Every structure is written in C-alpha cells, then in structure tokens.
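Novice: Before we start, here is the structure in question, set down as structure tokens.
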Amino acid sequence: MAALRCFLRSGKNAVAAGLRREIHQTAPASLQVTVRDALNQAMDEELERDDRVFLLGEEVAQYDGAYKVSRGLWKKYGDKRIIDTPITEMGFAGIAVGSAMAGLRPICEFMTFNFSMQAIDQVINSAAKTYYMSAGLQSVPIVFRGPNGASAGVAAQHSQCFAAWYGHCPGLKVVSPWNSEDARGLLKSAIRDDNPVVFLENELMYGVPFELSEEAQSKDFTVPIGKAKIERQGNHITLVSHSRMVGHCLDAAAVLAKEGIECEVINLRTIRPMDIETIEASVIKTNHLVTVEGGWPQFGVGAEICARIMEGPAFNYLDAPAVRVTGVDIPMPYAKILEDHSVPQIKDIMFSVKKTLNV
Amino acid sequence: MLTIVSNALRGSASKNGTRLVVSARSYADFTPQVSFDIKRCDVHRLDQGPPDKTVLTREQGLQYYRTMQVMRRMELKADQLYKQKIIRGFCHLYDGQEACAVGIEAGIKPDDHLITAYRAHGYTYTRGVPVKEILAELTGRKGGVAKGKGGSMHMYAKHFYGGNGIVGAQVPLGAGVALACKYHGNSQVCVALYGDGAANQGQIFESYNMAALWKLPCIFICENNKYGMGTSVERASANTDYYKRGDFIPGIRVDGMDVLCVREATKFAADYCRSGKGPILMELQTYRYHGHSMSDPGSPVLLYGCCSFFLVRGTNPWIKLKSVS
C-alpha cells in the first residue's frame, strides 16, 4: 500500500517533471498592452505601493481621465487620492507643488502640456529651482504629466511640443516615452524620483499596442531616467529621436534597409538629463547623424544634440554635417493636408538620410 | 526670600565679570500676568470674531518684546550692510511689521506650517532660523541657512516654505501644504501670507476656490501695508477691503500693529481651520518703515504716506507693547 502510494507520488512527480520540462520550452508570457493601459497600470501600482502618491488634474477622477488614462483609479482609490480640479492650472499646479513640499508625492496632470503654460511659473520657479535655492533643504517630489506635441486636427494652440522648453531648465528631469515599456517604466521611475519630473506623453500613441515582456510587467519594473535605448542596430547612419517620431524612424529604417542602408535608431527616452554618451558611441560607429523630432527647429532638442556632438569626441568621426528633421517652423495649421506636412513624415526622414549619406 | 536670591545672584555675577541687570525691586513685586482690552476686529461672513480681551503673561510679554526688538535690529543691520554693498541684489525689509510675524507665531503651534513672499526675514527668524544664519545667507556665506545659494528671498526651515520671489505664487503653494495636512489628518494648519499688492493675483482667487471647495485648513493672511511697491492700495485695487476679497471665505480685519490683536485673531483663525470648517482669511493692517526694497529710493510717495501714517496710527508696534507691559 505504501509502495503503491510511493509509486503514485513518484509517478505524479514524473508527470510534473515532464510538464515542467514542457513549460520551460515555451516562451515567457508577454502581453499586448497599449500605451494608455501601461500608464494606467503604472499609476495604479504606484498608488498602491506608496500612500503618499496621489493624482490631481482636470477630469481625472469621475470622468476617468480626459483621454481615459486614469480609468478606474477613482473607483478604486476614492476622492482622497484621485482629485478632480477646477479649470485653474496655475492654482492647482501650485497646490500640487505645495503638497509635494509638505511631503506628499503628487502626480499633477495637465490635460495637454499646452495648458501647462498657464502654470509654467509654478513648474519652473516653485518646483524646479527650489531644491537648489534651498541648498538641499526642500525637495519637491512631483510628476507633471500629460499629452505633449501634435495631435490630430486640434490646430495651433493645442499642438505645441514642450520638450525644448522644459528641457532647457536645470532642476527638472524631462522624459518622453515612446512605447508601452517606456511609458510604464519611466512613469514608475518618475513617481519614485524625489525630483520634479516633466513626463511628456503623446496622445496619438495612447491607443497603440506594444508587446510588454514578462519582466516589464513586474510591479517593480522601472526604466532608468537619463538612459537612451538603441531600438535598432545599424552601421551606416544614426537616427536619434524621442516619443512618436521613434516609430517613424523605425518605419523609415525598415524601408531603407531594403535599399541596403542600415540605420541605427536611438530612442532618447529622457530629454533631460540627456544621454549624450549613447549618441556619441553610435556616431563614432556610423559617422552620420540625423535627429528627428516633432517640435519646432529653433533652440530644439535636435539643436542641442548637434551642439553637444560638436563639443565632444564624436565630431571627429562625422563624415557629413549632422541634420535635424523637425516640425515646420509655423503654428500648427488645421487643414489635414497642411497638418500632415507640418510634422516629419517617413519620407522626410528617408530624404534626410539619403542626403546625409550622399546617395 | 527672593530679594536674598537676587542679591546673591548679583554678587556671583559680578565675580564672573558678567553684567547682570537686577532691578532694585524683587521679583515678587512683578505681576505674573495682565489682561488687556484689544481692538475689536471687523468680520466678514462670521457671526462672531476673535475675543476683545486677552491675557498676557510676563514671560510672553518679554518674549514678544525681545523677538520684535531682535527682528528690528536685524533688519536695520541688513539695511546698513546693503548700503555697504555687503548684501547684494534684493533686500526687502520687514521693520514696522514685526507685530504681524510675532503675533502669528504666538497664535499657531510650532508644528503648523507657514509660507510667505519675499519680505521674509522676520518669518525666517520666528520660524526658528538663528539671526547668524539669516545674516550669513544675506551676505552670501556658506554658513547661511541655504549655504548662500538662496539669498534674501529663499530661506527655508522646518515647516517654513520660504521666502518666495514670484508675487502671489506662494499662496497656491500654501494651499497645497494645507492639502497635505488634511491628507495626513494631523490637524495642522498652514498660514499662507501675501501682501496688498499680491492680493489682486488671479492664482490667489484660484486658491481661495479650491481651498473652500475641499475645505483645506489654510489661513490666508493679507499683510496690508498700504503700498504694493510704490503703488498705494487705492490705485491698485477696486476693492480695498482685503478681508472680504475671499467672498465665500469668512474674513477678519485685524490691527497688525498690535501683537496681542494679531495673536488672538490667529488663534481664532487656527481654531476655525482645525475644526474642519475650511479656510479663513485675515487682513493685517500694518505698515513698513522702509521702501519696498533697498533699491527703492524712498520716494516722495512713501514720505507722504509716512506722515499720514503717524497721524493716523501713531505708534511703532513694539513701543505699543512696551508701553503696556
């Protein structure tokens, strides 16, 4: 009887061992997650992890978020932690900064970053500069997040990219995620960071699904702020970009690959502090550089990259001047055909690559 | 008994070479406390305001007097240092308004919170930063409270959030600190100060709205010293009843030159906030003896104002206290 039990037990073990062998052979479970859901889950997990974290902004609570990014959070966490504000950006941004000074960890949502201009004094003078002005006595652990840059048909006052504006200021960290993994990991890092972080999302990316690896699904998965990622390896030319334009660069690289041009695509992930070392290493390898961004050309992200490349060792390896592909230097027009031509398209990126490579 | 003790002390002190001023009268002859009538405050949307009688103990009287004296001398010294070009940039002096800072500090608890604008040296002192660190900060030394990196307008301490350079920006920040107090449920309050010049800022009205909506424990205090930089209140505000400007928020108008009046009003306001009723507004009627800042040449406007002030008000805040103690 005991022997039978032993046999059965070992049999079960043998079967289990067999099953285990089977499971090890299959790929780890990855998931298709939209950028919106990645942001939502990141906020949910951080709200759960730390009682001091809370979200405030217009329509974030009962409306589930203007773009549904905070869907379900108010139902789960209630009025104390998910707060609907009146349409008073300067006031509520100041209140968010004040609460951060007093020890809370607010996530302040701007419905779009265009409205952050109303509150920009609180972001820069009250949040960004305080740690330095107080010689480290007063920290401001706040995240300002919301959609940034061009959308679809929303015209001039609702389409500006603020990467260059905020990237200009010492005391701020500025991040610009592209895909779901970026969104999730960077938002978690931003919330856990004791500094003020400007988190520039993109409305057109919210609904786009990306594969999230099992590692990226873990509750403690973070993407370090200040580190760029090489999305695609290549030898002939370096394409540096951030946010939605990374996707355009990858699409352009796929088309160019058919013509024998291998592009290395770098996803900046963080605007400030910028990971110039990754760009330099890539330029040293490929000898050519094209920067791609949605914002305006003057004093932009691309301008900064070009200046820094000139100041560093990579300049000696350039075989051609670095080129910037940017949004057109005009307020965003409304008509679709004009709007489409006011932001970089895949053909514009390909044109610049070929011009730089002289092909 | 006390006479013997005081004589003994005097004897030992002179042996050590220190000077000890001991009155000819013994301590038993001093009254431990006195009660005073204070000016009744005008109120807005309140059934009843702060009490018009208060008790001042000997210790309190001496402490308030000493604090106001130190603040006055610190500010006058800063004036001198600025003229010697040892202090640079901005220097907004608080002399004349001492009763406000001391009265407010007496009316709140040490673990309450306070934020003000750039005329902040007085509050930096009452919130616990030693004079040495304040003057070191003003003169850009690393012994300063912000290691010389902040300067006159950016000094911080525990539960004191500066020192803010942008007019009006500190008021939403103060409401945010109050939000944190409510969030933590610790029955602390936040005092958010601003001047008559800032009182017209839009972000202040945005703060009033959210503080009232969410019942934040925030005491908004307008230090009305009659001039926003060089512009008198009549030329800047359509409505100069600053204690009423909160509209749906109850308000009190207080004599800011009387430290006891300020203290009682602050206690009243703090109790109001702590009871969960939401924000309250105080207007302190006060006066500054310097121009807006050290860059202000002391224009004729201010001189005229000075004369009318002395006609109307008559006294220096600490002389008022000295005369009654």
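Following the order of the structure tokens, first chain is A, next is B, and so on, with residues numbered from 1 inside each chain and ligands from 1 in the order they appear.
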What residues in chain B have any atom no more than 8 Å from chain A when counting only C-alpha atoms, and can you write them as an NGL selection string?
Specialist: :B and (145-147 or 149-150 or 154-157 or 159 or 161 or 166 or 169-180 or 183 or 203-204 or 206-207 or 210)
Novice: Can you tell me, as a list in words, what residues are no more than 8 Å from Ser293 in chain B when counting only C-alpha atoms, ignoring any on the same chain fewer than 3 positions away?
Specialist: Phe90, Cys91, His92, Leu93, His290 and Asp296 of chain B
Novice: May I have the selected residues written with N, CA and C atoms, as an mmCIF file, in the first residue's frame?
Specialist:
```
data_model
loop_
_atom_site.group_PDB
_atom_site.id
_atom_site.type_symbol
_atom_site.label_atom_id
_atom_site.label_comp_id
_atom_site.auth_asym_id
_atom_site.auth_seq_id
_atom_site.Cartn_x
_atom_site.Cartn_y
_atom_site.Cartn_z
ATOM 1 N N PHE B 90 18.394 91.746 -4.082
ATOM 2 C CA PHE B 90 17.158 92.173 -3.445
ATOM 3 C C PHE B 90 17.270 92.095 -1.927
ATOM 4 N N CYS B 91 16.688 93.083 -1.256
ATOM 5 C CA CYS B 91 16.631 93.046 0.193
ATOM 6 C C CYS B 91 15.351 93.764 0.605
ATOM 7 N N HIS B 92 14.323 93.001 0.936
ATOM 8 C CA HIS B 92 13.030 93.590 1.300
ATOM 9 C C HIS B 92 12.895 93.550 2.806
ATOM 10 N N LEU B 93 12.860 94.729 3.425
ATOM 11 C CA LEU B 93 12.937 94.781 4.888
ATOM 12 C C LEU B 93 11.571 94.810 5.556
ATOM 13 N N HIS B 290 10.467 100.946 5.701
ATOM 14 C CA HIS B 290 11.393 101.149 4.587
ATOM 15 C C HIS B 290 10.588 101.177 3.298
ATOM 16 N N ASP B 296 14.563 100.735 -3.542
ATOM 17 C CA ASP B 296 13.538 101.773 -3.550
ATOM 18 C C ASP B 296 14.151 103.032 -2.939
#
```
Novice: Please return as number ranges by chain: the residues of range 71-319 of chain B that backbone DSSP assigns to helix (DSSP H, G or I).
Specialist: B: 71-83, 98-107, 121-126, 131-138, 170-184, 198-200, 202-213, 233-236, 242-244, 259-274, 300-312, 317-319
Novice: Separation of CA of Leu250 in chain A and CA of Gly234 in chain A, in Å?
Specialist: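 Calculated distance between CA of Leu250 in chain A and CA of Gly234 in chain A is 11.3 Å.
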Novice: Report, in Å with one decimal, the straight-line distance from CA of Arg36 in chain A to CA of Gly207 in chain A.
Specialist: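 According to the coordinates, CA of Arg36 in chain A and CA of Gly207 in chain A are separated by 6.3 Å.
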Novice: Near Ser295 in chain B, within 12 Å and counting only C-alpha atoms, which residues show up once chain neighbours fewer than 3 positions away are dropped, as a VMD selection string?
Specialist: chain B and resid 79 82 to 83 85 87 to 93 229 to 230 290 to 292 298 to 299
Novice: Would you mind writing down, as an MDAnalysis selection string, each residue of range 44-279 of chain B that DSSP on the backbone assigns to strand (DSSP E)?
Specialist: chainID B and resid 44 53:57 113:115 190:195 218:224 227:228 231:232 251:255
Novice: Kindly save the residues from that selection, with N, CA, C and O atoms included, as a tab-separated table (two decimals), in the first residue's frame.
Specialist:
```
chain	number	residue	atom	x	y	z
B	44	HIS	N	-16.26	89.34	8.32
B	44	HIS	CA	-16.99	89.12	7.07
B	44	HIS	C	-17.47	87.68	7.08
B	44	HIS	O	-16.69	86.75	7.23
B	53	LYS	N	-10.76	90.73	24.56
B	53	LYS	CA	-9.97	90.79	25.79
B	53	LYS	C	-8.96	89.67	25.73
B	53	LYS	O	-9.25	88.59	25.25
B	54	THR	N	-7.76	89.92	26.24
B	54	THR	CA	-6.78	88.86	26.24
B	54	THR	C	-5.88	88.98	27.46
B	54	THR	O	-5.81	90.05	28.09
B	55	VAL	N	-5.21	87.88	27.76
B	55	VAL	CA	-4.31	87.87	28.92
B	55	VAL	C	-2.88	87.73	28.43
B	55	VAL	O	-2.59	86.91	27.57
B	56	LEU	N	-2.00	88.55	28.96
B	56	LEU	CA	-0.59	88.47	28.59
B	56	LEU	C	0.22	88.16	29.84
B	56	LEU	O	0.13	88.88	30.83
B	57	THR	N	0.97	87.06	29.79
B	57	THR	CA	1.81	86.76	30.95
B	57	THR	C	3.13	87.49	30.82
B	57	THR	O	3.50	87.97	29.74
B	113	HIS	N	2.33	75.07	9.75
B	113	HIS	CA	3.17	75.42	8.61
B	113	HIS	C	2.97	76.87	8.25
B	113	HIS	O	1.91	77.44	8.50
B	114	LEU	N	3.99	77.46	7.62
B	114	LEU	CA	3.89	78.86	7.23
B	114	LEU	C	4.64	79.10	5.93
B	114	LEU	O	5.73	78.55	5.73
B	115	ILE	N	4.05	79.90	5.06
B	115	ILE	CA	4.75	80.29	3.83
B	115	ILE	C	4.45	81.75	3.57
B	115	ILE	O	3.36	82.24	3.84
B	190	CYS	N	-1.97	75.53	7.75
B	190	CYS	CA	-0.93	76.25	7.03
B	190	CYS	C	-1.33	77.71	6.93
B	190	CYS	O	-2.46	78.05	6.56
B	191	VAL	N	-0.38	78.59	7.28
B	191	VAL	CA	-0.60	80.03	7.15
B	191	VAL	C	0.04	80.47	5.85
B	191	VAL	O	1.24	80.29	5.65
B	192	ALA	N	-0.75	81.02	4.94
B	192	ALA	CA	-0.23	81.47	3.64
B	192	ALA	C	-0.34	83.00	3.58
B	192	ALA	O	-1.44	83.54	3.54
B	193	LEU	N	0.80	83.66	3.59
B	193	LEU	CA	0.82	85.13	3.65
B	193	LEU	C	1.04	85.74	2.28
B	193	LEU	O	1.74	85.18	1.43
B	194	TYR	N	0.46	86.92	2.10
B	194	TYR	CA	0.69	87.68	0.87
B	194	TYR	C	0.40	89.13	1.19
B	194	TYR	O	-0.14	89.46	2.25
B	195	GLY	N	0.78	90.02	0.29
B	195	GLY	CA	0.62	91.45	0.56
B	195	GLY	C	-0.57	92.04	-0.17
B	195	GLY	O	-1.26	91.37	-0.94
B	218	CYS	N	-6.39	76.12	5.67
B	218	CYS	CA	-5.44	77.15	5.25
B	218	CYS	C	-5.89	78.50	5.77
B	218	CYS	O	-7.05	78.89	5.57
B	219	ILE	N	-5.00	79.22	6.45
B	219	ILE	CA	-5.29	80.59	6.89
B	219	ILE	C	-4.62	81.51	5.88
B	219	ILE	O	-3.39	81.59	5.82
B	220	PHE	N	-5.42	82.19	5.07
B	220	PHE	CA	-4.87	83.16	4.12
B	220	PHE	C	-4.71	84.48	4.86
B	220	PHE	O	-5.68	84.99	5.41
B	221	ILE	N	-3.52	85.03	4.86
B	221	ILE	CA	-3.31	86.30	5.58
B	221	ILE	C	-2.76	87.36	4.64
B	221	ILE	O	-1.69	87.16	4.05
B	222	CYS	N	-3.50	88.46	4.51
B	222	CYS	CA	-3.04	89.57	3.69
B	222	CYS	C	-2.40	90.61	4.60
B	222	CYS	O	-3.07	91.18	5.46
B	223	GLU	N	-1.09	90.82	4.44
B	223	GLU	CA	-0.42	91.88	5.21
B	223	GLU	C	-0.57	93.18	4.41
B	223	GLU	O	0.16	93.42	3.46
B	224	ASN	N	-1.56	93.96	4.80
B	224	ASN	CA	-1.84	95.18	4.06
B	224	ASN	C	-1.01	96.32	4.63
B	224	ASN	O	-1.37	96.90	5.66
B	227	TYR	N	0.93	99.75	0.58
B	227	TYR	CA	1.64	100.01	-0.67
B	227	TYR	C	2.10	98.70	-1.30
B	227	TYR	O	2.78	97.90	-0.64
B	228	GLY	N	1.73	98.53	-2.59
B	228	GLY	CA	2.30	97.43	-3.35
B	228	GLY	C	3.45	98.03	-4.12
B	228	GLY	O	3.24	98.71	-5.12
B	231	THR	N	2.89	101.63	-5.38
B	231	THR	CA	1.50	101.95	-5.72
B	231	THR	C	0.61	101.79	-4.50
B	231	THR	O	0.55	100.71	-3.92
B	232	SER	N	-0.10	102.85	-4.15
B	232	SER	CA	-0.95	102.76	-2.97
B	232	SER	C	-2.16	101.88	-3.27
B	232	SER	O	-2.53	101.68	-4.42
B	251	GLY	N	-13.85	86.30	6.70
B	251	GLY	CA	-12.66	87.13	6.85
B	251	GLY	C	-12.68	87.97	8.11
B	251	GLY	O	-13.74	88.25	8.66
B	252	ILE	N	-11.46	88.33	8.57
B	252	ILE	CA	-11.33	89.19	9.75
B	252	ILE	C	-10.34	90.29	9.40
B	252	ILE	O	-9.30	90.02	8.80
B	253	ARG	N	-10.64	91.51	9.82
B	253	ARG	CA	-9.67	92.60	9.64
B	253	ARG	C	-9.07	92.93	11.00
B	253	ARG	O	-9.79	93.20	11.94
B	254	VAL	N	-7.74	92.90	11.06
B	254	VAL	CA	-7.03	92.92	12.34
B	254	VAL	C	-6.06	94.10	12.37
B	254	VAL	O	-5.46	94.44	11.35
B	255	ASP	N	-5.88	94.68	13.56
B	255	ASP	CA	-4.87	95.73	13.73
B	255	ASP	C	-3.49	95.06	13.77
B	255	ASP	O	-3.09	94.47	14.77
```
Novice: Write out as an MDAnalysis selection string which residues come within 8 Å of range 174-191 of chain A when counting only C-alpha atoms, dropping same-chain ones fewer than 5 positions away.
Specialist: chainID A and resid 33:36 38:39 41:43 46 53 105 107 141:143 163 166:167 197:201 205 209:212 216 221:225 242:244 246:247 267:273
Novice: Expressed in Å to a single decimal, how great is the separation between CA of Gly148 in chain B and CA of Leu135 in chain B?
Specialist: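 Going from CA of Gly148 in chain B over to CA of Leu135 in chain B covers 10.0 Å.
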Novice: Looking at only C-alpha atoms, which of A:Ile276, A:Val265, A:Val328, A:Ala335 is the one that sits closest to Ala314 in chain A?
Specialist: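 Among A:Ile276, A:Val265, A:Val328, A:Ala335, it is A:Ile276 that comes nearest to Ala314 in chain A.
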Novice: Using only C-alpha atoms, determine which residues lie at most 6 Å from Glu262 in chain A, disregarding the query and same-chain residues fewer than 3 positions distant; provide the list as a PDB file with N, CA and C atoms, in the first residue's frame.
Specialist:
```
ATOM      1  N   GLY A 234      22.504  49.452 -36.332  1.00  0.00           N
ATOM      2  CA  GLY A 234      22.813  49.723 -37.748  1.00  0.00           C
ATOM      3  C   GLY A 234      24.213  50.263 -37.865  1.00  0.00           C
ATOM      4  N   ASN A 235      24.731  50.297 -39.105  1.00  0.00           N
ATOM      5  CA  ASN A 235      26.126  50.718 -39.298  1.00  0.00           C
ATOM      6  C   ASN A 235      26.299  51.984 -40.086  1.00  0.00           C
ATOM      7  N   HIS A 236      25.269  52.374 -40.848  1.00  0.00           N
ATOM      8  CA  HIS A 236      25.515  53.428 -41.825  1.00  0.00           C
ATOM      9  C   HIS A 236      25.191  54.815 -41.307  1.00  0.00           C
ATOM     10  N   ALA A 257      16.290  49.786 -45.255  1.00  0.00           N
ATOM     11  CA  ALA A 257      17.039  48.517 -45.194  1.00  0.00           C
ATOM     12  C   ALA A 257      16.922  47.776 -46.517  1.00  0.00           C
TER      13      ALA A 257
END
```
